[in-house]
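Participant: The structure under discussion is supplied below as structure tokens; questions concerning it will follow.
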Amino acid sequence: MPNSPKVERKLAAIMFTDIVGYTKLTSTDEEKAFNLIKKKRELLLPLLEKYSGKLIKEIGDGTLTRYFNTNDAIDCANNFQSKTDDDLKVRAGIHSGEVIIDNKDVFGDVVNIASRIESIAQPKSVLVSKETIDKLENKDELM
């Protein structure tokens, strides 16, 4: 059997994003909905490189990204939101802690909580867990 990548546990910040109103839009204008996904990619992918993030997967209109530095996750999310417009309304949720990394995917409670946080975020906002804020460097500058 070929060697499979080893399973690791690492501290990470996990960010989920999704496009507000995407499901409803697909039922009325699939082309416009798909163009929003393309626009989201065009904005997000360069920022992932800049902030040392990794796109783990796209799930419909949503993305799951991973960062090994909490500040990078928040900076990436804020920079991304600053580039969106009234057509592309995205919400983001970030949670931090130990994740399981297996075959380029991430698993664990941190991933589940980040997803739940994103689902309650307001459009065009970044909602961050207390655990993530506690891990920030220079957090006094943000308060």
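Ordering of the structure tokens sets the chain letters (A, B, ...), residue numbers begin anew at 1 in every chain, and ligands are numbered from 1 in the order given.
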Taking only range 92-139 of chain A into account, list the residues labelled alpha helix (DSSP H) by DSSP (computed from the backbone), as a PyMOL selection string.

Facilitator: chain A and resi 109-120+130-134

Participant: What lies within 7 Å of range 50-55 of chain A using only C-alpha atoms, ignoring chain neighbours under 4 positions off, as an MDAnalysis selection string?

Facilitator: chainID A and resid 46 64:67 72 76

Participant: Quick one: of A:Glu42, A:Asp109, A:Asp61, A:Asp18, who's nearest to Pro123 in chain A, counting only C-alpha atoms?

Facilitator: A:Asp18

Participant: Would you mind listing what lies within 9 Å of range 94-101 of chain A as an NGL selection string, with only C-alpha atoms counted and same-chain residues fewer than 2 positions away left out?

Facilitator: :A and (6-16 or 70 or 73-74 or 77 or 92 or 103-111 or 113-115 or 117-118 or 126-133 or 135)

Participant: Give me the residues within 9 Å of Leu88 in chain A as a list of chain:residue names, counting only C-alpha atoms and dropping any in the same chain fewer than 3 places off.

Facilitator: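 So the residues in contact are A:Ile19, A:Val20, A:Leu36, A:Ile37, A:Lys39, A:Lys40, A:Thr84, A:Asp85, A:Lys124.
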